[in-house]
$ cat input.txt   # compact mmCIF, C-alpha atoms (C1' of nucleotides)
# COMPACT_ATOMS: atom_id res chain seq x y z
CA MET X 1 106.67 104.85 87.80
CA THR X 2 106.49 105.81 84.15
CA GLN X 3 103.59 105.31 81.79
CA GLU X 4 105.59 102.67 79.94
CA GLU X 5 106.20 100.75 83.17
CA ILE X 6 102.48 100.83 83.85
CA ARG X 7 101.75 99.58 80.36
CA SER X 8 104.28 96.81 80.75
CA LEU X 9 102.90 95.71 84.11
CA PHE X 10 99.28 95.67 83.01
CA SER X 11 100.06 94.06 79.66
CA SER X 12 101.19 91.00 81.59
CA ILE X 13 97.50 90.45 82.38
CA GLY X 14 95.95 90.96 78.96
CA ASP X 15 95.72 93.13 75.88
CA VAL X 16 95.88 96.77 76.90
CA GLU X 17 93.95 99.15 74.68
CA SER X 18 95.28 102.35 76.20
CA CYS X 19 97.17 103.53 79.22
CA LYS X 20 97.57 106.97 80.76
CA LEU X 21 99.62 108.25 83.66
CA ILE X 22 98.16 111.45 85.11
CA ARG X 23 100.63 114.29 85.60
CA ASP X 24 100.52 117.71 87.18
CA LYS X 25 99.63 120.24 84.51
CA VAL X 26 102.27 122.68 85.67
CA THR X 27 105.19 120.61 86.89
CA GLY X 28 104.68 117.47 84.85
CA GLN X 29 105.17 115.41 87.99
CA SER X 30 103.22 112.20 88.29
CA LEU X 31 100.14 112.59 90.45
CA GLY X 32 100.45 108.99 91.48
CA TYR X 33 97.58 107.51 89.54
CA GLY X 34 96.58 106.61 86.03
CA PHE X 35 94.14 104.70 83.85
CA VAL X 36 94.41 101.48 81.91
CA ASN X 37 91.85 100.29 79.36
CA TYR X 38 91.70 96.64 78.43
CA HIS X 39 90.13 95.24 75.31
CA ARG X 40 88.40 92.52 77.33
CA PRO X 41 86.45 93.19 80.53
CA GLU X 42 87.65 89.92 82.06
CA ASP X 43 91.23 91.14 81.78
CA ALA X 44 90.33 94.26 83.70
CA GLU X 45 88.84 92.11 86.43
CA LYS X 46 91.90 89.88 86.43
CA ALA X 47 94.17 92.93 86.69
CA ILE X 48 92.28 94.09 89.76
CA ASN X 49 92.46 90.68 91.37
CA THR X 50 96.13 90.25 90.54
CA LEU X 51 97.64 93.70 90.91
CA ASN X 52 95.58 95.46 93.57
CA GLY X 53 97.63 95.69 96.75
CA LEU X 54 100.86 94.81 94.98
CA ARG X 55 103.97 96.17 96.68
CA LEU X 56 106.04 98.08 94.18
CA GLN X 57 108.95 100.43 94.83
CA ASN X 58 107.98 100.91 98.49
CA LYS X 59 104.40 101.67 97.50
CA THR X 60 101.28 99.58 97.65
CA ILE X 61 99.40 100.14 94.45
CA LYS X 62 95.65 100.24 94.36
CA VAL X 63 93.81 98.92 91.31
CA SER X 64 90.07 99.27 90.86
CA PHE X 65 87.52 100.07 88.20
CA ALA X 66 87.64 103.74 87.27
CA ARG X 67 84.72 105.88 88.27
CA PRO X 68 83.03 107.72 85.38
CA SER X 69 84.80 110.98 84.78
CA SER X 70 82.79 113.97 85.94
CA GLU X 71 83.13 117.36 87.56
CA ALA X 72 81.25 116.08 90.59
CA ILE X 73 84.07 113.79 91.69
CA LYS X 74 86.79 116.41 91.47
CA GLY X 75 88.10 118.18 94.55
CA ALA X 76 86.65 115.58 96.88
CA ASN X 77 89.90 114.96 98.76
CA LEU X 78 90.15 116.08 102.39
CA TYR X 79 93.07 116.79 104.66
CA VAL X 80 92.46 116.02 108.32
CA SER X 81 94.70 117.10 111.19
CA GLY X 82 94.49 117.00 114.96
CA LEU X 83 93.56 113.33 114.97
CA PRO X 84 94.23 111.35 118.14
CA LYS X 85 97.58 109.62 117.98
CA ASN X 86 95.98 106.23 118.49
CA MET X 87 93.49 106.61 115.67
CA ALA X 88 93.60 103.81 113.11
CA GLN X 89 92.70 104.09 109.46
CA GLN X 90 89.47 102.24 110.12
CA ASP X 91 88.55 104.69 112.89
CA LEU X 92 89.08 107.53 110.46
CA GLU X 93 86.83 105.88 107.91
CA ASN X 94 84.17 105.27 110.51
CA LEU X 95 84.26 108.95 111.41
CA PHE X 96 83.78 110.09 107.82
CA SER X 97 81.62 107.34 106.37
CA PRO X 98 78.30 108.94 107.44
CA TYR X 99 78.93 111.73 104.96
CA GLY X 100 79.48 109.76 101.80
CA ARG X 101 81.24 107.00 99.96
CA ILE X 102 84.92 106.91 100.81
CA ILE X 103 87.21 106.11 97.91
CA THR X 104 90.51 106.15 99.76
CA SER X 105 91.70 106.91 103.26
CA ARG X 106 95.10 107.26 104.81
CA ILE X 107 96.72 108.10 108.09
CA LEU X 108 100.19 109.55 107.84
CA CYS X 109 103.31 108.17 109.49
CA ASP X 110 101.62 105.41 111.48
CA ASN X 111 99.60 107.86 113.55
CA ILE X 112 102.47 109.92 114.88
CA THR X 113 101.45 113.15 113.21
CA GLY X 114 97.70 113.10 113.70
CA VAL X 115 97.24 113.84 110.00
CA GLY X 116 95.16 111.87 107.55
CA PHE X 117 93.35 112.00 104.23
CA ILE X 118 89.89 111.05 103.06
CA ARG X 119 88.83 111.03 99.44
CA PHE X 120 85.10 110.95 98.91
CA ASP X 121 83.35 109.87 95.75
CA GLN X 122 81.61 113.21 95.35
CA ARG X 123 82.74 116.71 96.14
CA ILE X 124 79.41 117.48 97.77
CA GLU X 125 80.10 114.69 100.24
CA ALA X 126 83.45 116.23 101.07
CA GLU X 127 81.87 119.63 101.56
CA ARG X 128 79.31 118.15 103.92
CA ALA X 129 82.03 116.39 105.91
CA ILE X 130 83.90 119.67 106.32
CA GLN X 131 80.76 121.40 107.55
CA GLU X 132 79.90 118.64 109.97
CA LEU X 133 83.31 117.55 111.24
CA ASN X 134 85.69 120.51 111.08
CA GLY X 135 86.39 121.73 114.60
CA THR X 136 84.62 118.83 116.25
CA ILE X 137 86.15 116.58 118.87
CA PRO X 138 86.07 112.88 117.97
CA LYS X 139 84.64 110.56 120.58
CA GLY X 140 87.33 109.57 123.04
CA SER X 141 89.56 112.50 122.09
CA THR X 142 90.15 115.86 123.72
CA GLU X 143 91.27 117.87 120.74
CA PRO X 144 89.22 119.27 117.86
CA ILE X 145 90.13 118.08 114.41
CA THR X 146 90.70 120.25 111.37
CA VAL X 147 89.03 119.12 108.16
CA LYS X 148 89.73 120.95 104.92
CA PHE X 149 90.29 120.33 101.26
CA ALA X 150 93.68 118.77 100.62
CA ASN X 151 96.35 120.34 98.52
CA ASN X 152 97.72 118.65 95.49
CA PRO X 153 100.37 116.12 96.50
CA SER X 154 102.87 117.35 93.93
CA ASN X 155 103.60 121.03 93.33
CA ASN X 156 105.36 121.37 96.64
CA ASN X 157 108.88 120.07 96.90
CA LYS X 158 110.43 121.68 93.87
CA ALA X 159 113.57 123.77 93.74
CA LEU X 160 114.74 123.78 97.31
CA PRO X 161 116.84 126.91 97.87
CA PRO X 162 120.44 126.38 98.93
CA LEU X 163 121.76 127.11 102.37
CA ALA X 164 122.64 130.78 102.42
CA ALA X 165 123.43 133.86 104.39
CA TYR X 166 121.37 133.00 107.44
CA LEU X 167 124.12 130.74 108.69
CA THR X 168 126.79 132.27 110.84
CA PRO X 169 130.18 132.49 109.13
CA GLN X 170 131.42 129.76 111.46
CA ALA X 171 128.55 127.51 110.56
CA ALA X 172 128.82 128.30 106.88
CA ARG X 173 132.43 127.19 106.88
CA ARG X 174 131.34 123.93 108.43
CA PHE X 175 128.47 123.36 106.09
CA GLY X 176 127.90 119.65 105.72
CA GLY X 177 128.97 118.83 109.24
CA PRO X 178 127.52 119.63 112.63
CA ILE X 179 127.63 123.20 113.84
CA HIS X 180 130.28 123.54 116.51
CA HIS X 181 129.16 125.47 119.54
CA PRO X 182 132.13 127.37 120.93
CA THR X 183 132.05 127.86 124.68
CA GLY X 184 130.41 131.10 125.64
CA ARG X 185 128.48 131.59 122.45
CA PHE X 186 125.18 130.75 124.10
CA ARG X 187 123.30 132.98 126.45
CA TYR X 188 122.27 131.34 129.69
CA SER X 189 119.62 133.95 130.29
CA PRO X 190 117.97 134.10 133.69
CA LEU X 191 114.75 134.64 131.77
CA ALA X 192 115.04 131.12 130.47
CA GLY X 193 114.05 129.83 133.90
CA ASP X 194 110.68 131.59 133.80
CA LEU X 195 110.14 130.42 130.31
CA LEU X 196 110.65 126.84 131.32
CA ALA X 197 108.48 127.10 134.40
CA ASN X 198 105.59 128.33 132.28
CA SER X 199 105.95 125.63 129.70
CA MET X 200 106.15 122.47 131.68
CA LEU X 201 102.48 121.65 131.65
CA PRO X 202 102.21 118.13 130.26
CA GLY X 203 100.18 117.57 127.14
CA ASN X 204 101.73 120.50 125.38
CA ALA X 205 105.42 119.91 125.03
CA MET X 206 105.31 116.25 125.88
CA ASN X 207 104.45 114.42 122.75
CA GLY X 208 104.26 110.66 123.07
CA SER X 209 107.86 109.60 123.29
CA GLY X 210 109.49 113.00 123.22
CA TRP X 211 109.53 116.67 124.16
CA CYS X 212 108.46 119.13 121.53
CA ILE X 213 110.37 122.39 121.31
CA PHE X 214 109.16 125.53 119.56
CA VAL X 215 111.78 127.53 117.69
CA TYR X 216 110.89 131.04 116.57
CA ASN X 217 112.58 133.61 114.33
CA LEU X 218 114.02 131.29 111.73
CA ALA X 219 114.96 132.84 108.40
CA PRO X 220 112.74 132.19 105.37
CA GLU X 221 115.41 130.02 103.77
CA THR X 222 115.84 127.77 106.79
CA GLU X 223 115.98 124.06 106.10
CA GLU X 224 115.64 121.06 108.37
CA ASN X 225 119.38 120.47 108.54
CA VAL X 226 119.80 123.74 110.42
CA LEU X 227 117.59 122.48 113.23
CA TRP X 228 119.38 119.13 113.30
CA GLN X 229 122.71 120.92 113.57
CA LEU X 230 121.53 123.31 116.24
CA PHE X 231 119.90 120.77 118.52
CA GLY X 232 121.89 117.62 117.78
CA PRO X 233 124.81 118.53 120.04
CA PHE X 234 122.48 118.65 123.06
CA GLY X 235 121.23 115.10 122.82
CA ALA X 236 118.85 112.73 121.09
CA VAL X 237 116.74 114.53 118.50
CA GLN X 238 113.80 112.52 117.22
CA SER X 239 112.50 114.84 114.54
CA VAL X 240 112.68 118.38 113.29
CA LYS X 241 110.18 120.34 111.27
CA VAL X 242 110.50 123.66 109.51
CA ILE X 243 107.04 125.14 108.94
CA ARG X 244 106.76 126.50 105.44
CA ASP X 245 104.29 128.51 103.43
CA LEU X 246 102.62 126.22 100.93
CA GLN X 247 102.88 128.64 98.03
CA THR X 248 106.36 130.08 98.47
CA ASN X 249 107.96 127.10 100.20
CA LYS X 250 109.66 129.60 102.52
CA CYS X 251 109.89 129.07 106.25
CA LYS X 252 107.14 130.90 108.10
CA GLY X 253 109.61 131.87 110.80
CA PHE X 254 109.24 128.94 113.11
CA GLY X 255 109.75 125.25 113.49
CA PHE X 256 109.64 122.35 115.92
CA VAL X 257 112.21 119.98 117.32
CA THR X 258 111.32 116.86 119.28
CA MET X 259 113.95 115.60 121.71
CA THR X 260 113.78 112.30 123.55
CA ASN X 261 115.10 113.30 126.96
CA TYR X 262 113.67 116.05 129.09
CA ASP X 263 117.02 117.04 130.62
CA GLU X 264 118.67 117.42 127.26
CA ALA X 265 115.71 119.40 125.97
CA VAL X 266 116.00 121.78 128.91
CA VAL X 267 119.69 122.35 128.26
CA ALA X 268 119.05 122.88 124.55
CA ILE X 269 116.36 125.44 125.31
CA GLN X 270 118.49 127.25 127.87
CA SER X 271 121.39 127.30 125.47
CA LEU X 272 119.65 128.18 122.23
CA ASN X 273 117.01 130.60 123.47
CA GLY X 274 118.45 134.01 122.64
CA TYR X 275 121.10 132.51 120.39
CA THR X 276 121.93 134.63 117.36
CA LEU X 277 121.68 132.64 114.14
CA GLY X 278 122.68 134.72 111.14
CA ASN X 279 121.42 138.08 112.30
CA ARG X 280 118.34 136.73 114.06
CA VAL X 281 117.87 136.15 117.74
CA LEU X 282 116.13 132.84 118.21
CA GLN X 283 113.37 132.26 120.71
CA VAL X 284 113.33 128.68 121.91
CA SER X 285 110.93 127.14 124.39
CA PHE X 286 108.83 124.07 124.98
CA LYS X 287 105.86 123.98 122.66
CA THR X 288 102.57 125.23 124.06
CA ASN X 289 99.06 124.92 122.70
CA LYS X 290 98.95 128.45 121.32
CA SER X 291 97.35 128.68 117.91
CA LYS X 292 96.50 131.29 115.33
CA THR X 293 92.85 131.36 116.29
CA THR X 294 93.12 131.97 120.01
C1' DT A 295 103.15 135.30 108.71
C1' DA A 296 104.46 134.31 116.98
C1' DC A 297 102.96 127.21 118.38
C1' DG A 298 102.49 122.50 112.63
C1' DA A 299 101.94 118.49 110.01
C1' DT A 300 99.77 117.80 102.72
C1' DT A 301 99.30 110.98 100.77

$ encode --input "input.txt" --output "structure tokens"
Amino acid sequence: MTQEEIRSLFSSIGDVESCKLIRDKVTGQSLGYGFVNYHRPEDAEKAINTLNGLRLQNKTIKVSFARPSSEAIKGANLYVSGLPKNMAQQDLENLFSPYGRIITSRILCDNITGVGFIRFDQRIEAERAIQELNGTIPKGSTEPITVKFANNPSNNNKALPPLAAYLTPQAARRFGGPIHHPTGRFRYSPLAGDLLANSMLPGNAMNGSGWCIFVYNLAPETEENVLWQLFGPFGAVQSVKVIRDLQTNKCKGFGFVTMTNYDEAVVAIQSLNGYTLGNRVLQVSFKTNKSKTT
DNA sequence: TACGATT
């Protein structure tokens, strides 16, 4: 939404004195919020009553009185991960509300990811929430949550690098379509059996409606389509994720693929573990609970 | 960078 579209929308309520869309200082991308000043206070109130919650371009806009600008309210936005899959937005607010006044809250992707956001009124409230809640296990859950300051929503998805040399020549020629898997290209390693046996503990790989597969040794330039192409031929793929460094936007060397059916996941793992993609030998297994800190 | 997730 442009600044002019905002002005137009809010002018339908009353006389707008000024209007500002806030953009990222570096990229110029909209940060998703802005400010409108009305000449008459009653128009501001009317705008809130009329426009708050309006569905617009697949977004629900929020309209409220602006808080006074101050340093104290900056950097008060938190990123929360490891939330229980059944946690609702209200549960999230209840968890954080003891630490301050919540301005906005959100849970991503209808609770599938376990990731959410909390914006407090004051940064000091956010800091306190991190101290008190990071690493704690919410009541009724079994997993500790991570609470940290959120990154800026823009800044990230700029200039995606093109598919490049990490594809095999065969795959490169077929760019745009699925990767064909010629018979005999995959290693059916006897080691794969052990790998599977050690990874079948439920709660790790099994993820709600699917089986989560860990893929290691991806090239820095890897994009999601590579994972779709690799795993798609083996059956129903629900989602893929390439894990990237926030700063460089390069793949950190691993990713995840969630497949619906256990049998197909097993065949995919057996087939793709040890598979040479580009000049890298992939390691593919069911996801475990390993993490950086343990 | 050897088991995540960024509105």

$ residues_around --input "input.txt" --residues "A:DT295" --least-positions-apart "6" --cutoff "9 Å" --atoms "all atoms listed in the file" --output "PyMOL selection string"
chain X and resi 245+252-253

$ write_last_selection --input "input.txt" --atoms "C-alpha atoms" --output "PDB file, in the coordinates of the input"
ATOM      1  CA  ASP X 245     104.290 128.510 103.430  1.00  0.00           C
ATOM      2  CA  LYS X 252     107.140 130.900 108.100  1.00  0.00           C
ATOM      3  CA  GLY X 253     109.610 131.870 110.800  1.00  0.00           C
TER       4      GLY X 253
END

$ residues_around --input "input.txt" --residues "A:DG298" --least-positions-apart "4" --cutoff "8 Å" --atoms "all atoms listed in the file" --output "PyMOL selection string"
chain X and resi 243+255-256

$ atom_distance --input "input.txt" --atom1 "atom CA of X:Thr276" --atom2 "atom CA of X:Asn225"
16.9 Å

$ residues_around --input "input.txt" --residues "X:Val257" --least-positions-apart "6" --cutoff "9 Å" --atoms "all atoms listed in the file" --output "VMD selection string"
chain X and resid 211 to 215 227 to 228 231 237 to 242

$ write_last_selection --input "input.txt" --atoms "C-alpha atoms" --output "compact mmCIF listing (two decimals), in the frame of the given file"
# COMPACT_ATOMS: atom_id res chain seq x y z
CA TRP X 211 109.53 116.67 124.16
CA CYS X 212 108.46 119.13 121.53
CA ILE X 213 110.37 122.39 121.31
CA PHE X 214 109.16 125.53 119.56
CA VAL X 215 111.78 127.53 117.69
CA LEU X 227 117.59 122.48 113.23
CA TRP X 228 119.38 119.13 113.30
CA PHE X 231 119.90 120.77 118.52
CA VAL X 237 116.74 114.53 118.50
CA GLN X 238 113.80 112.52 117.22
CA SER X 239 112.50 114.84 114.54
CA VAL X 240 112.68 118.38 113.29
CA LYS X 241 110.18 120.34 111.27
CA VAL X 242 110.50 123.66 109.51

$ interface_residues --input "input.txt" --of "chain X" --to "chain A" --cutoff "7 Å" --atoms "only C-alpha atoms (C1' of nucleotides)" --output "list in words"
Arg106, Thr113, Val115, Phe117, Ala150, Asn151, Pro153, Phe214, Ile243, Lys252, Lys287, Thr288, Asn289, Lys290 and Ser291 of chain X

$ residues_around --input "input.txt" --residues "X:Glu71" --least-positions-apart "3" --cutoff "10 Å" --atoms "only C-alpha atoms (C1' of nucleotides)" --output "list in words"
Pro68, Lys74, Gly75, Gln122 and Arg123 of chain X

$ atom_distance --input "input.txt" --atom1 "atom CA of X:Ala265" --atom2 "atom CA of X:Ile112"
19.7 Å

$ atom_distance --input "input.txt" --atom1 "atom CA of X:Asp121" --atom2 "atom CA of X:Ser81"
20.5 Å

$ residues_around --input "input.txt" --residues "X:Gly100" --least-positions-apart "5" --cutoff "9 Å" --atoms "only C-alpha atoms (C1' of nucleotides)" --output "VMD selection string"
chain X and resid 120 to 122 124 to 126 128 to 129

$ decode --input "input.txt" --residues "stretch 11-23 of chain X" --atoms "all heavy atoms" --output "mmCIF file, in the first residue's frame"
data_model
loop_
_atom_site.group_PDB
_atom_site.id
_atom_site.type_symbol
_atom_site.label_atom_id
_atom_site.label_comp_id
_atom_site.auth_asym_id
_atom_site.auth_seq_id
_atom_site.Cartn_x
_atom_site.Cartn_y
_atom_site.Cartn_z
ATOM 1 N N SER X 11 -8.876 9.842 3.877
ATOM 2 C CA SER X 11 -9.566 11.079 3.529
ATOM 3 C C SER X 11 -11.060 10.842 3.355
ATOM 4 O O SER X 11 -11.852 11.793 3.397
ATOM 5 C CB SER X 11 -8.973 11.655 2.239
ATOM 6 O OG SER X 11 -7.655 12.101 2.471
ATOM 7 N N SER X 12 -11.440 9.584 3.146
ATOM 8 C CA SER X 12 -12.864 9.286 3.015
ATOM 9 C C SER X 12 -13.593 9.473 4.336
ATOM 10 O O SER X 12 -14.818 9.541 4.383
ATOM 11 C CB SER X 12 -13.049 7.848 2.513
ATOM 12 O OG SER X 12 -12.639 6.926 3.501
ATOM 13 N N ILE X 13 -12.823 9.582 5.426
ATOM 14 C CA ILE X 13 -13.417 9.766 6.754
ATOM 15 C C ILE X 13 -13.539 11.249 7.104
ATOM 16 O O ILE X 13 -14.539 11.682 7.664
ATOM 17 C CB ILE X 13 -12.544 9.061 7.823
ATOM 18 C CG1 ILE X 13 -12.357 7.583 7.478
ATOM 19 C CG2 ILE X 13 -13.137 9.260 9.215
ATOM 20 C CD1 ILE X 13 -13.610 6.767 7.565
ATOM 21 N N GLY X 14 -12.476 12.001 6.791
ATOM 22 C CA GLY X 14 -12.461 13.411 7.161
ATOM 23 C C GLY X 14 -11.212 14.083 6.620
ATOM 24 O O GLY X 14 -10.427 13.464 5.894
ATOM 25 N N ASP X 15 -11.047 15.346 6.975
ATOM 26 C CA ASP X 15 -9.920 16.113 6.448
ATOM 27 C C ASP X 15 -8.608 15.654 7.074
ATOM 28 O O ASP X 15 -8.398 15.784 8.279
ATOM 29 C CB ASP X 15 -10.112 17.608 6.758
ATOM 30 C CG ASP X 15 -11.190 18.212 5.873
ATOM 31 O OD1 ASP X 15 -11.545 17.553 4.859
ATOM 32 O OD2 ASP X 15 -11.664 19.312 6.189
ATOM 33 N N VAL X 16 -7.735 15.132 6.215
ATOM 34 C CA VAL X 16 -6.435 14.652 6.679
ATOM 35 C C VAL X 16 -5.431 15.797 6.655
ATOM 36 O O VAL X 16 -5.275 16.477 5.638
ATOM 37 C CB VAL X 16 -5.946 13.488 5.787
ATOM 38 C CG1 VAL X 16 -4.480 13.177 6.077
ATOM 39 C CG2 VAL X 16 -6.805 12.259 6.018
ATOM 40 N N GLU X 17 -4.768 15.994 7.783
ATOM 41 C CA GLU X 17 -3.763 17.055 7.850
ATOM 42 C C GLU X 17 -2.435 16.582 7.278
ATOM 43 O O GLU X 17 -1.793 17.264 6.499
ATOM 44 C CB GLU X 17 -3.595 17.496 9.315
ATOM 45 C CG GLU X 17 -2.548 18.568 9.516
ATOM 46 C CD GLU X 17 -2.274 18.809 10.994
ATOM 47 O OE1 GLU X 17 -3.236 19.111 11.723
ATOM 48 O OE2 GLU X 17 -1.111 18.687 11.410
ATOM 49 N N SER X 18 -2.041 15.384 7.669
ATOM 50 C CA SER X 18 -0.805 14.807 7.126
ATOM 51 C C SER X 18 -0.881 13.292 7.201
ATOM 52 O O SER X 18 -1.728 12.732 7.892
ATOM 53 C CB SER X 18 0.409 15.305 7.915
ATOM 54 O OG SER X 18 0.325 14.852 9.251
ATOM 55 N N CYS X 19 0.032 12.669 6.487
ATOM 56 C CA CYS X 19 -0.047 11.230 6.293
ATOM 57 C C CYS X 19 1.350 10.728 5.979
ATOM 58 O O CYS X 19 2.035 11.303 5.129
ATOM 59 C CB CYS X 19 -1.017 10.989 5.139
ATOM 60 S SG CYS X 19 -0.943 9.377 4.422
ATOM 61 N N LYS X 20 1.797 9.708 6.689
ATOM 62 C CA LYS X 20 3.168 9.226 6.462
ATOM 63 C C LYS X 20 3.234 7.713 6.524
ATOM 64 O O LYS X 20 2.805 7.098 7.504
ATOM 65 C CB LYS X 20 4.108 9.831 7.510
ATOM 66 C CG LYS X 20 5.533 9.345 7.433
ATOM 67 C CD LYS X 20 6.501 10.497 7.225
ATOM 68 C CE LYS X 20 7.923 10.028 6.952
ATOM 69 N NZ LYS X 20 8.274 10.108 5.525
ATOM 70 N N LEU X 21 3.763 7.129 5.475
ATOM 71 C CA LEU X 21 4.037 5.692 5.452
ATOM 72 C C LEU X 21 5.489 5.496 5.892
ATOM 73 O O LEU X 21 6.393 6.154 5.375
ATOM 74 C CB LEU X 21 3.836 5.132 4.034
ATOM 75 C CG LEU X 21 4.240 3.676 3.807
ATOM 76 C CD1 LEU X 21 3.360 2.723 4.608
ATOM 77 C CD2 LEU X 21 4.190 3.322 2.326
ATOM 78 N N ILE X 22 5.711 4.600 6.841
ATOM 79 C CA ILE X 22 7.067 4.394 7.348
ATOM 80 C C ILE X 22 7.775 3.337 6.511
ATOM 81 O O ILE X 22 7.252 2.249 6.267
ATOM 82 C CB ILE X 22 7.045 3.965 8.832
ATOM 83 C CG1 ILE X 22 6.260 4.991 9.649
ATOM 84 C CG2 ILE X 22 8.468 3.830 9.370
ATOM 85 C CD1 ILE X 22 6.777 6.415 9.536
ATOM 86 N N ARG X 23 8.994 3.695 6.079
ATOM 87 C CA ARG X 23 9.770 2.805 5.211
ATOM 88 C C ARG X 23 11.103 2.438 5.854
ATOM 89 O O ARG X 23 11.614 3.176 6.690
ATOM 90 C CB ARG X 23 10.067 3.492 3.871
ATOM 91 C CG ARG X 23 8.830 3.890 3.111
ATOM 92 C CD ARG X 23 9.201 4.690 1.866
ATOM 93 N NE ARG X 23 8.020 5.052 1.093
ATOM 94 C CZ ARG X 23 7.399 4.205 0.273
ATOM 95 N NH1 ARG X 23 7.861 2.984 0.113
ATOM 96 N NH2 ARG X 23 6.330 4.595 -0.387
#
